[in-house]
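Colleague: Structure below; questions to follow.
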Amino acid sequence: VPGPPEVNDLARRQIRALVERALRDAGVLGVIPTPVDAVTRRAGILEVLDAEDLPASVAAQKPSALGRVLGAVLFRERLVFVDRNQAEPRARFTEAHEVIHQIVPWHEAAFRLDDHRRLYGPTREVLEAEANLGAAQILFQDQVFMGRALDYRVTIASPMALSDEFNASRHAAIRFYVEHHPDPVALIVAGRYQDASGRVPIWARCESPSFRQRYGRVADALRITKLPTQPSTALGEVIAEALTSSEISRRDVVLLDLAGERTGFAAEAFYNQYCVFVMVAERAATRFGRRVTVRAG
Ligand SMILES: [Zn+2]
């Protein structure tokens with residue numbers, strides 16, 4: 001099973017620095033929710049147009065494998081296109097993603113077209129993963145979001161509860177939370193269509209730096225290549241329950257670290273009618289902080 005692309009540490013650091021400079025130059029560092037349009041203007045984009053207005057000459061070059069265009073950037077023309085039929089948090093994410101293509105020097109091409117898969121789904125393209133990383137940096141401004149999130153318990157409910165305040169999707173907030181968490185935390189995002197053995201495909205995964213260091217990749221630590229949805233194991237149980245509920249489900253699971261040692265984790269699952277999110281957090285890390293209550297539905 002090919003994994004999602006990894007953004008290397010150097011690119012990660014460079015993108016982070018580019019975003020911080022863009023936020024500062026636009027005068028919106030620390031302003032929440034981030035006024036994305038200010039960053040867009042500051043990045044030299046002349047106009048943000050609806051995706052329907054994509055020039056026919058560019059639309060004609062859309063690869064047939066690409067779905068409906070939700071976002072695009074024309075580099076020389078300095079134009080960004082966003083599908084305004086998306087919910088506002090997603091439209092903001094899309095605009096931020098296109099702005100990242102514009103400001104990251106090695107992304108430059110004649111144009112880029114982005115569909116659902118490239119923006120939110122199981123992309124296999126490193127440049128798209130980089131643009132998504134940068135887009136999340138624009139929306140969450142890491143110290144601001146994580147500073148807020150770490151007041152609360154280590155639970156998937158914390159980023160979900162904060163997503164509205166940042167005018168971001170829950171999906172993007174959960175991902176950002178996991179990638180920047182100081183404790184061993186990891187996330188799997190899976191599709192909803194089950195194979196013959198009742199398992200669903202893993203679309204994306206990410207781990208916090210401390211998780212990665214001690215446990216490696218989350219699917220390996222759980223000893224899975226797809227997510228089980230049958231309640232014959234604790235992991236299968238937490239997912240089976242999430243699939244039929246609008247609540248966050250929770251079970252204790254055991255993970256193996258890289259030395260083969262067993263450690264207790266809390267697994268939480270949540271289903272947004274499109275994909276399944278499973279977050280695991282070392283149980284020792286989940287006991288402190290304020291509680292938040294979130295309904296998934
Ligand atoms: Zn893109």
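We label chains A, B, ... in the order they appear in the structure tokens, count residues from 1 in each chain, and number ligands from 1 in the order shown.
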Go through the chains and note each residue within 8 Å of ligand 1, using only C-alpha atoms and all ligand atoms, then give the set as number ranges by chain.

Modeller: A: 71-72, 97-98, 101, 112-114, 118-119, 127-128, 131-132

Colleague: Could you pull out all residues of range 104-276 of chain A with a DSSP call of strand (DSSP E) and give them as a ChimeraX atom specification?

Modeller: /A:111-114,185-190,199-200,202-207,227-228,249-256,262-271,276

Colleague: For N, CA, C and O atoms, I'd like the residues from the last selection saved as a compact mmCIF listing (two decimals), in the first residue's frame.

Modeller:
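What ended up in selection-v4.txt:
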```txt
# COMPACT_ATOMS: atom_id res chain seq x y z
N PHE A 111 0.32 26.97 -14.71
CA PHE A 111 -0.91 26.99 -13.92
C PHE A 111 -1.00 25.71 -13.11
O PHE A 111 -0.30 24.74 -13.39
N ARG A 112 -1.83 25.74 -12.08
CA ARG A 112 -2.13 24.52 -11.34
C ARG A 112 -3.64 24.44 -11.17
O ARG A 112 -4.29 25.43 -10.92
N LEU A 113 -4.15 23.23 -11.33
CA LEU A 113 -5.58 22.99 -11.13
C LEU A 113 -5.72 22.00 -9.98
O LEU A 113 -4.99 21.02 -9.91
N ASP A 114 -6.67 22.27 -9.08
CA ASP A 114 -6.85 21.40 -7.92
C ASP A 114 -8.27 20.89 -7.83
O ASP A 114 -9.23 21.67 -7.90
N VAL A 185 0.61 11.59 19.55
CA VAL A 185 -0.74 11.61 19.01
C VAL A 185 -0.63 11.29 17.51
O VAL A 185 0.33 11.72 16.87
N ALA A 186 -1.60 10.56 16.98
CA ALA A 186 -1.56 10.27 15.54
C ALA A 186 -2.97 10.20 14.99
O ALA A 186 -3.95 10.04 15.74
N LEU A 187 -3.08 10.34 13.69
CA LEU A 187 -4.38 10.40 13.03
C LEU A 187 -4.39 9.53 11.78
O LEU A 187 -3.42 9.50 11.03
N ILE A 188 -5.51 8.85 11.58
CA ILE A 188 -5.75 8.16 10.32
C ILE A 188 -7.06 8.71 9.75
O ILE A 188 -8.05 8.83 10.47
N VAL A 189 -7.04 9.07 8.47
CA VAL A 189 -8.27 9.47 7.78
C VAL A 189 -8.54 8.37 6.75
O VAL A 189 -7.67 8.04 5.94
N ALA A 190 -9.72 7.81 6.82
CA ALA A 190 -10.03 6.68 5.95
C ALA A 190 -11.31 6.93 5.18
O ALA A 190 -12.17 7.70 5.62
N ARG A 199 -13.04 -3.80 5.63
CA ARG A 199 -12.05 -2.78 6.00
C ARG A 199 -12.16 -1.60 5.05
O ARG A 199 -12.57 -1.75 3.90
N VAL A 200 -11.79 -0.41 5.54
CA VAL A 200 -11.86 0.79 4.70
C VAL A 200 -10.43 1.29 4.42
O VAL A 200 -9.53 1.11 5.25
N ILE A 202 -7.09 3.51 3.92
CA ILE A 202 -6.47 4.66 4.58
C ILE A 202 -6.09 5.69 3.52
O ILE A 202 -5.35 5.39 2.60
N TRP A 203 -6.64 6.89 3.66
CA TRP A 203 -6.39 7.97 2.69
C TRP A 203 -5.19 8.81 3.10
O TRP A 203 -4.43 9.28 2.29
N ALA A 204 -5.12 9.05 4.38
CA ALA A 204 -4.06 9.92 4.87
C ALA A 204 -3.78 9.58 6.31
O ALA A 204 -4.64 9.02 6.99
N ARG A 205 -2.58 9.87 6.74
CA ARG A 205 -2.26 9.68 8.14
C ARG A 205 -1.23 10.72 8.51
O ARG A 205 -0.53 11.25 7.64
N CYS A 206 -1.17 11.05 9.76
CA CYS A 206 -0.09 11.91 10.22
C CYS A 206 0.16 11.62 11.68
O CYS A 206 -0.67 11.03 12.37
N GLU A 207 1.35 11.98 12.11
CA GLU A 207 1.76 11.72 13.48
C GLU A 207 2.39 12.99 14.05
O GLU A 207 2.99 13.76 13.31
N LEU A 227 -8.26 0.17 7.68
CA LEU A 227 -8.93 0.27 8.98
C LEU A 227 -10.04 -0.77 9.09
O LEU A 227 -10.90 -0.86 8.22
N PRO A 228 -10.04 -1.53 10.19
CA PRO A 228 -11.13 -2.50 10.39
C PRO A 228 -12.41 -1.77 10.79
O PRO A 228 -12.36 -0.74 11.47
N SER A 249 -16.71 8.28 19.25
CA SER A 249 -16.62 7.04 20.02
C SER A 249 -15.20 6.90 20.56
O SER A 249 -14.25 7.51 20.03
N ARG A 250 -15.07 6.11 21.57
CA ARG A 250 -13.77 6.03 22.25
C ARG A 250 -13.55 4.65 22.85
O ARG A 250 -14.46 4.07 23.44
N ARG A 251 -12.35 4.10 22.68
CA ARG A 251 -11.95 2.82 23.28
C ARG A 251 -10.48 2.89 23.64
O ARG A 251 -9.73 3.68 23.06
N ASP A 252 -10.07 2.00 24.53
CA ASP A 252 -8.64 1.84 24.80
C ASP A 252 -8.06 0.84 23.83
O ASP A 252 -8.67 -0.20 23.56
N VAL A 253 -6.90 1.16 23.27
CA VAL A 253 -6.21 0.23 22.38
C VAL A 253 -4.74 0.13 22.81
O VAL A 253 -4.27 0.96 23.59
N VAL A 254 -4.06 -0.88 22.29
CA VAL A 254 -2.65 -1.06 22.62
C VAL A 254 -1.82 -0.88 21.35
O VAL A 254 -2.16 -1.44 20.31
N LEU A 255 -0.79 -0.05 21.44
CA LEU A 255 0.10 0.13 20.30
C LEU A 255 1.47 -0.43 20.63
O LEU A 255 1.87 -0.46 21.80
N LEU A 256 2.18 -0.84 19.60
CA LEU A 256 3.56 -1.31 19.78
C LEU A 256 4.50 -0.18 19.39
O LEU A 256 4.36 0.40 18.32
N ARG A 262 4.55 -2.58 24.46
CA ARG A 262 3.12 -2.29 24.37
C ARG A 262 2.79 -1.07 25.22
O ARG A 262 3.22 -0.97 26.36
N THR A 263 2.01 -0.14 24.66
CA THR A 263 1.62 1.07 25.40
C THR A 263 0.13 1.32 25.21
O THR A 263 -0.40 1.14 24.12
N GLY A 264 -0.52 1.76 26.30
CA GLY A 264 -1.96 2.03 26.25
C GLY A 264 -2.26 3.36 25.58
O GLY A 264 -1.67 4.38 25.92
N PHE A 265 -3.17 3.33 24.63
CA PHE A 265 -3.62 4.52 23.93
C PHE A 265 -5.13 4.63 24.02
O PHE A 265 -5.84 3.63 24.15
N ALA A 266 -5.61 5.87 23.91
CA ALA A 266 -7.05 6.09 23.72
C ALA A 266 -7.26 6.28 22.22
O ALA A 266 -6.56 7.07 21.60
N ALA A 267 -8.20 5.52 21.66
CA ALA A 267 -8.54 5.70 20.24
C ALA A 267 -9.92 6.35 20.19
O ALA A 267 -10.85 5.89 20.84
N GLU A 268 -10.02 7.44 19.42
CA GLU A 268 -11.30 8.11 19.25
C GLU A 268 -11.63 8.14 17.77
O GLU A 268 -10.75 8.39 16.95
N ALA A 269 -12.88 7.91 17.44
CA ALA A 269 -13.27 7.92 16.03
C ALA A 269 -14.47 8.82 15.83
O ALA A 269 -15.30 9.00 16.74
N PHE A 270 -14.53 9.39 14.64
CA PHE A 270 -15.61 10.31 14.31
C PHE A 270 -15.83 10.21 12.80
O PHE A 270 -14.88 10.07 12.03
N TYR A 271 -17.10 10.19 12.40
CA TYR A 271 -17.46 9.99 11.00
C TYR A 271 -18.23 11.21 10.52
O TYR A 271 -19.24 11.58 11.13
N VAL A 276 -13.76 8.76 7.69
CA VAL A 276 -13.66 8.37 9.10
C VAL A 276 -12.33 8.92 9.65
O VAL A 276 -11.29 8.75 9.01
```

Colleague: How many Å lie between CA of Asp183 in chain A and CA of Ser246 in chain A, rounded to one decimal?

Modeller: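 A separation of 26.8 Å between them.
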
Colleague: Identify which of the residues A:Asn272, A:Thr34, A:Ser57, A:Gln194 lies closest to His171 in chain A, counting only C-alpha atoms when measuring atom-to-atom distances.

Modeller: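 Looking only at the distances to His171 in chain A, the closest residue turns out to be A:Asn272.
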
Colleague: Can you check which residues of range 140-246 of chain A DSSP gives as helix (DSSP H, G or I) on the backbone and send them as a PyMOL selection string?

Modeller: chain A and resi 140+142-149+157-162+170-180+209-215+218-221+234-243

Colleague: When distances are computed from only C-alpha atoms, which of A:Ile224, A:Val278, A:Val39, A:Ile32 shows the smallest separation from Val238 in chain A?

Modeller: A:Val278

Colleague: Restricting the calculation to only C-alpha atoms: of A:Val154, A:Val218, A:Gly198, A:Pro159, which residue gets closest to Gly236 in chain A?

Modeller: A:Gly198

Colleague: Using only C-alpha atoms, find the one residue out of A:Ala173, A:Val58, A:Leu150, A:Ala259 that sits nearest to Gln213 in chain A.

Modeller: A:Ala259

Colleague: Pick from A:Arg76, A:Arg13, A:Arg92, A:Arg42: nearest to Ala168 in chain A, with only C-alpha atoms counted?

Modeller: A:Arg92

Colleague: Name the closest residue to Pro5 in chain A among the candidates A:Ile239, A:Leu18, A:Ala149, A:Leu133; distances are taken between atoms, counting only C-alpha atoms.

Modeller: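 Checking each of A:Ile239, A:Leu18, A:Ala149, A:Leu133 against Pro5 in chain A, counting only C-alpha atoms, the winner is A:Leu133.
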
Colleague: CA of Gln86 in chain A and CA of Gln61 in chain A, how far apart in Å?

Modeller: 22.9 Å
